[in-house]
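K.L.:
Please read through the structure below; I'll follow up with questions.
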Amino acid sequence: LMDIVIIVDTSSAMTFSQCKRQQEHVSEAMVMLKPVNNNKNVPNVRLAVLEMGEEDIYLRVDLNQLPYNRDTGNDGHREIIELFDLISQSGGCDLEKESEMLAREGNPNLYDALECAMNQFDFVNDTERKKYIIIFESERSHSTQSICNYYRNNDEFDHVEDIIMYNQNPKMQNYLRCLVDNDTSKILTNP
């Protein structure tokens, strides 16, 4: 049994087609992570999805949100399709607002996003489930040192099995190694 919080960077400048590709990539990853229900009235994997802009954090899906993270009495195929559609159509991707999307400055608020992720784990308070955080990031946060300090000084991270980072910018291969305990195999980079 697992709880996974996915954090998606929506702070960087991108075209509408780049934004859609990013969200589809995140959606595909979620579908791979979330199998259909095990018919034991408890989903094997619950997902929360956070979008982090330069200032705001938007909780798109929480760990208890119906129908995505609760047994609904069927095999869960419809819920997975709905979750895929919800995420692939989000992320601030709006063709009519492409000029605003291109004006984004790309300073993701990862500090608050990590705090929100930990709040999700606290909110559901389920010690039986393994906890993971996956970060899809396309720009560097300007508050790298405070993020590393928050991670090192917060005992609650001891209950997180792993943090995995997917950096969409190849120049970020070793960015925030502190979050993965300097294990660079947990930092994936888009070529």
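Every chain in the structure tokens has a letter given in the order shown (A, B, ...), and although residue numbers restart at 1 in each chain, ligands are simply numbered from 1 in the order shown.
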Taking 5 positions as the minimum chain separation for residues in the same chain, which residues sit within 9 Å of Asp112 of chain A when counting only C-alpha atoms? Answer as a list in words.
P.N.:
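These residues fall inside the cut-off: Met52, Glu55, Asp56, Ile57 and Ala117 of chain A.
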K.L.:
Filtering to N, CA, C and O atoms, could you give me those residues as a compact mmCIF listing (two decimals), in the first residue's frame?
P.N.:
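Writing done, so here's again-v3.txt:
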# COMPACT_ATOMS: atom_id res chain seq x y z
N MET A 52 2.83 23.54 -8.56
CA MET A 52 3.52 24.64 -7.89
C MET A 52 3.88 25.71 -8.91
O MET A 52 4.57 25.46 -9.89
N GLU A 55 4.37 31.34 -6.72
CA GLU A 55 3.93 31.67 -5.37
C GLU A 55 2.92 30.67 -4.85
O GLU A 55 3.02 30.20 -3.72
N ASP A 56 1.94 30.34 -5.66
CA ASP A 56 0.82 29.52 -5.21
C ASP A 56 1.08 28.03 -5.40
O ASP A 56 1.79 27.61 -6.31
N ILE A 57 0.47 27.27 -4.51
CA ILE A 57 0.44 25.81 -4.63
C ILE A 57 -1.02 25.44 -4.80
O ILE A 57 -1.89 25.88 -4.04
N ALA A 117 2.92 18.69 0.59
CA ALA A 117 3.00 17.23 0.44
C ALA A 117 3.02 16.55 1.81
O ALA A 117 2.30 15.57 2.05
K.L.:
Tell me, which residues of segment 12-184 of chain A carry DSSP strand (DSSP E), written as a PyMOL selection string?
P.N.:
chain A and resi 45-52+57-61+130-137+160-167
K.L.:
If you take only C-alpha atoms and a cut-off of 6 Å, which residues of segment 89-134 of chain A touch segment 13-25 of chain A, and what are their nearest atom pairs and distances in Å to one decimal, in chain and number order, as JSON lines?
P.N.:
{"residue": "A:Cys93", "atom": "CA", "partner": "A:Cys19", "partner_atom": "CA", "distance": 5.7}
{"residue": "A:Leu95", "atom": "CA", "partner": "A:Phe16", "partner_atom": "CA", "distance": 5.6}
{"residue": "A:Glu98", "atom": "CA", "partner": "A:Phe16", "partner_atom": "CA", "distance": 5.9}
{"residue": "A:Met101", "atom": "CA", "partner": "A:Ala13", "partner_atom": "CA", "distance": 5.6}
{"residue": "A:Leu102", "atom": "CA", "partner": "A:Ala13", "partner_atom": "CA", "distance": 4.4}
{"residue": "A:Ala103", "atom": "CA", "partner": "A:Ala13", "partner_atom": "CA", "distance": 5.8}
{"residue": "A:Arg104", "atom": "CA", "partner": "A:Ala13", "partner_atom": "CA", "distance": 4.6}
K.L.:
Taking the DSSP assignment computed from this structure's backbone, write out as a ChimeraX atom specification all residues of chain A that belong to alpha helix (DSSP H).
P.N.:
/A:16-33,77-88,98-102,110-124,144-153
K.L.:
Restricting the calculation to only C-alpha atoms, which member of A:Asp85, A:Glu161, A:Glu79, A:Glu51 is positioned closest to Glu28 of chain A?
P.N.:
A:Asp85
K.L.:
Can you tell me which residues surround Leu110 of chain A at a distance of at most 12 Å, considering only C-alpha atoms, apart from same-chain residues fewer than 2 positions away, and format the answer as a VMD selection string?
P.N.:
chain A and resid 6 to 11 50 to 57 106 to 108 112 to 117 134 to 148 150 to 151 165 176 179
K.L.:
Find the residues near segment 120-126 of chain A: any atom within 12 Å, counting only C-alpha atoms, skip ones fewer than 3 places away on the same chain, and give them as a PyMOL selection string.
P.N.:
chain A and resi 1-7+46-50+59+61-65+69+113-117+129-133+156-157+159-160
K.L.:
Could those residues be written to a file, using N, CA and C atoms, as a short mmCIF file (atom, residue, chain, number, x, y, z; two decimals), in the first residue's frame?
P.N.:
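Output file out17.cif follows:
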data_model
loop_
_atom_site.label_atom_id
_atom_site.label_comp_id
_atom_site.auth_asym_id
_atom_site.auth_seq_id
_atom_site.Cartn_x
_atom_site.Cartn_y
_atom_site.Cartn_z
N LEU A 1 0.84 -1.18 0.00
CA LEU A 1 0.00 0.00 0.00
C LEU A 1 0.88 1.23 0.00
N MET A 2 0.58 2.17 -0.92
CA MET A 2 1.41 3.35 -1.07
C MET A 2 0.56 4.62 -1.18
N ASP A 3 1.13 5.70 -0.67
CA ASP A 3 0.63 7.05 -0.90
C ASP A 3 1.73 7.80 -1.64
N ILE A 4 1.38 8.40 -2.77
CA ILE A 4 2.36 9.12 -3.58
C ILE A 4 1.85 10.53 -3.81
N VAL A 5 2.69 11.51 -3.49
CA VAL A 5 2.38 12.90 -3.80
C VAL A 5 3.25 13.30 -4.99
N ILE A 6 2.59 13.75 -6.05
CA ILE A 6 3.29 14.20 -7.25
C ILE A 6 3.24 15.72 -7.26
N ILE A 7 4.41 16.34 -7.39
CA ILE A 7 4.52 17.79 -7.44
C ILE A 7 4.93 18.17 -8.86
N ARG A 46 -2.65 5.43 -3.64
CA ARG A 46 -3.39 6.69 -3.66
C ARG A 46 -2.44 7.78 -4.12
N LEU A 47 -2.96 8.66 -4.96
CA LEU A 47 -2.15 9.75 -5.52
C LEU A 47 -2.70 11.10 -5.12
N ALA A 48 -1.80 11.99 -4.78
CA ALA A 48 -2.14 13.41 -4.64
C ALA A 48 -1.32 14.14 -5.70
N VAL A 49 -1.90 15.18 -6.26
CA VAL A 49 -1.21 15.96 -7.29
C VAL A 49 -1.22 17.43 -6.89
N LEU A 50 -0.02 18.01 -6.79
CA LEU A 50 0.15 19.42 -6.47
C LEU A 50 0.77 20.12 -7.67
N LEU A 59 -3.59 22.30 -4.95
CA LEU A 59 -3.81 20.88 -4.72
C LEU A 59 -4.87 20.41 -5.71
N VAL A 61 -5.45 17.14 -6.77
CA VAL A 61 -6.09 15.91 -6.27
C VAL A 61 -5.48 15.62 -4.92
N ASP A 62 -6.33 15.36 -3.91
CA ASP A 62 -5.78 15.01 -2.60
C ASP A 62 -5.86 13.49 -2.38
N LEU A 63 -5.16 13.01 -1.36
CA LEU A 63 -5.05 11.57 -1.14
C LEU A 63 -6.38 10.90 -0.80
N ASN A 64 -7.36 11.64 -0.36
CA ASN A 64 -8.66 11.05 -0.04
C ASN A 64 -9.74 11.39 -1.06
N GLN A 65 -9.37 12.03 -2.15
CA GLN A 65 -10.37 12.55 -3.08
C GLN A 65 -11.08 11.44 -3.84
N ASN A 69 -9.23 8.13 -5.32
CA ASN A 69 -8.44 7.48 -4.27
C ASN A 69 -9.26 6.70 -3.26
N ALA A 113 5.55 23.61 -1.64
CA ALA A 113 5.00 22.38 -2.22
C ALA A 113 5.39 21.17 -1.37
N LEU A 114 6.63 21.12 -0.89
CA LEU A 114 7.05 20.03 -0.01
C LEU A 114 6.27 20.06 1.30
N GLU A 115 6.05 21.26 1.82
CA GLU A 115 5.27 21.38 3.05
C GLU A 115 3.83 20.89 2.82
N CYS A 116 3.26 21.23 1.69
CA CYS A 116 1.90 20.77 1.36
C CYS A 116 1.88 19.25 1.20
N ALA A 117 2.92 18.69 0.59
CA ALA A 117 3.00 17.23 0.44
C ALA A 117 3.02 16.55 1.81
N ARG A 129 0.84 2.71 5.20
CA ARG A 129 1.16 2.95 3.80
C ARG A 129 2.55 3.55 3.65
N LYS A 130 3.29 3.10 2.63
CA LYS A 130 4.58 3.71 2.31
C LYS A 130 4.33 5.03 1.61
N LYS A 131 5.20 5.99 1.87
CA LYS A 131 5.00 7.35 1.36
C LYS A 131 6.13 7.72 0.40
N TYR A 132 5.74 8.29 -0.73
CA TYR A 132 6.70 8.69 -1.76
C TYR A 132 6.34 10.08 -2.26
N ILE A 133 7.35 10.81 -2.70
CA ILE A 133 7.15 12.10 -3.36
C ILE A 133 7.88 12.05 -4.70
N GLU A 156 9.70 14.54 9.89
CA GLU A 156 8.62 13.87 9.17
C GLU A 156 9.10 13.24 7.87
N PHE A 157 10.18 13.77 7.29
CA PHE A 157 10.71 13.18 6.06
C PHE A 157 11.29 11.79 6.31
N HIS A 159 9.75 9.45 7.48
CA HIS A 159 8.67 8.52 7.17
C HIS A 159 8.38 8.42 5.68
N VAL A 160 9.12 9.18 4.88
CA VAL A 160 8.97 9.13 3.42
C VAL A 160 10.00 8.14 2.89
#
K.L.:
Atom CA of Ile87 of chain A to atom CA of Ser27 of chain A: how many Å, to one decimal?
P.N.:
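If I compute the distance from atom CA of Ile87 of chain A to atom CA of Ser27 of chain A, I get 5.8 Å.
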K.L.:
Enter the distance from atom CA of Ile187 of chain A to atom CA of Asp155 of chain A, in Å, rounded to one decimal.
P.N.:
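According to the coordinates, atom CA of Ile187 of chain A and atom CA of Asp155 of chain A are separated by 22.2 Å.
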K.L.:
Pick from A:Asn149, A:Ser12, A:Ser185, A:Asn154: nearest to Tyr166 of chain A, with only C-alpha atoms counted?
P.N.:
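Ranking A:Asn149, A:Ser12, A:Ser185, A:Asn154 by distance to Tyr166 of chain A, first place goes to A:Ser185.
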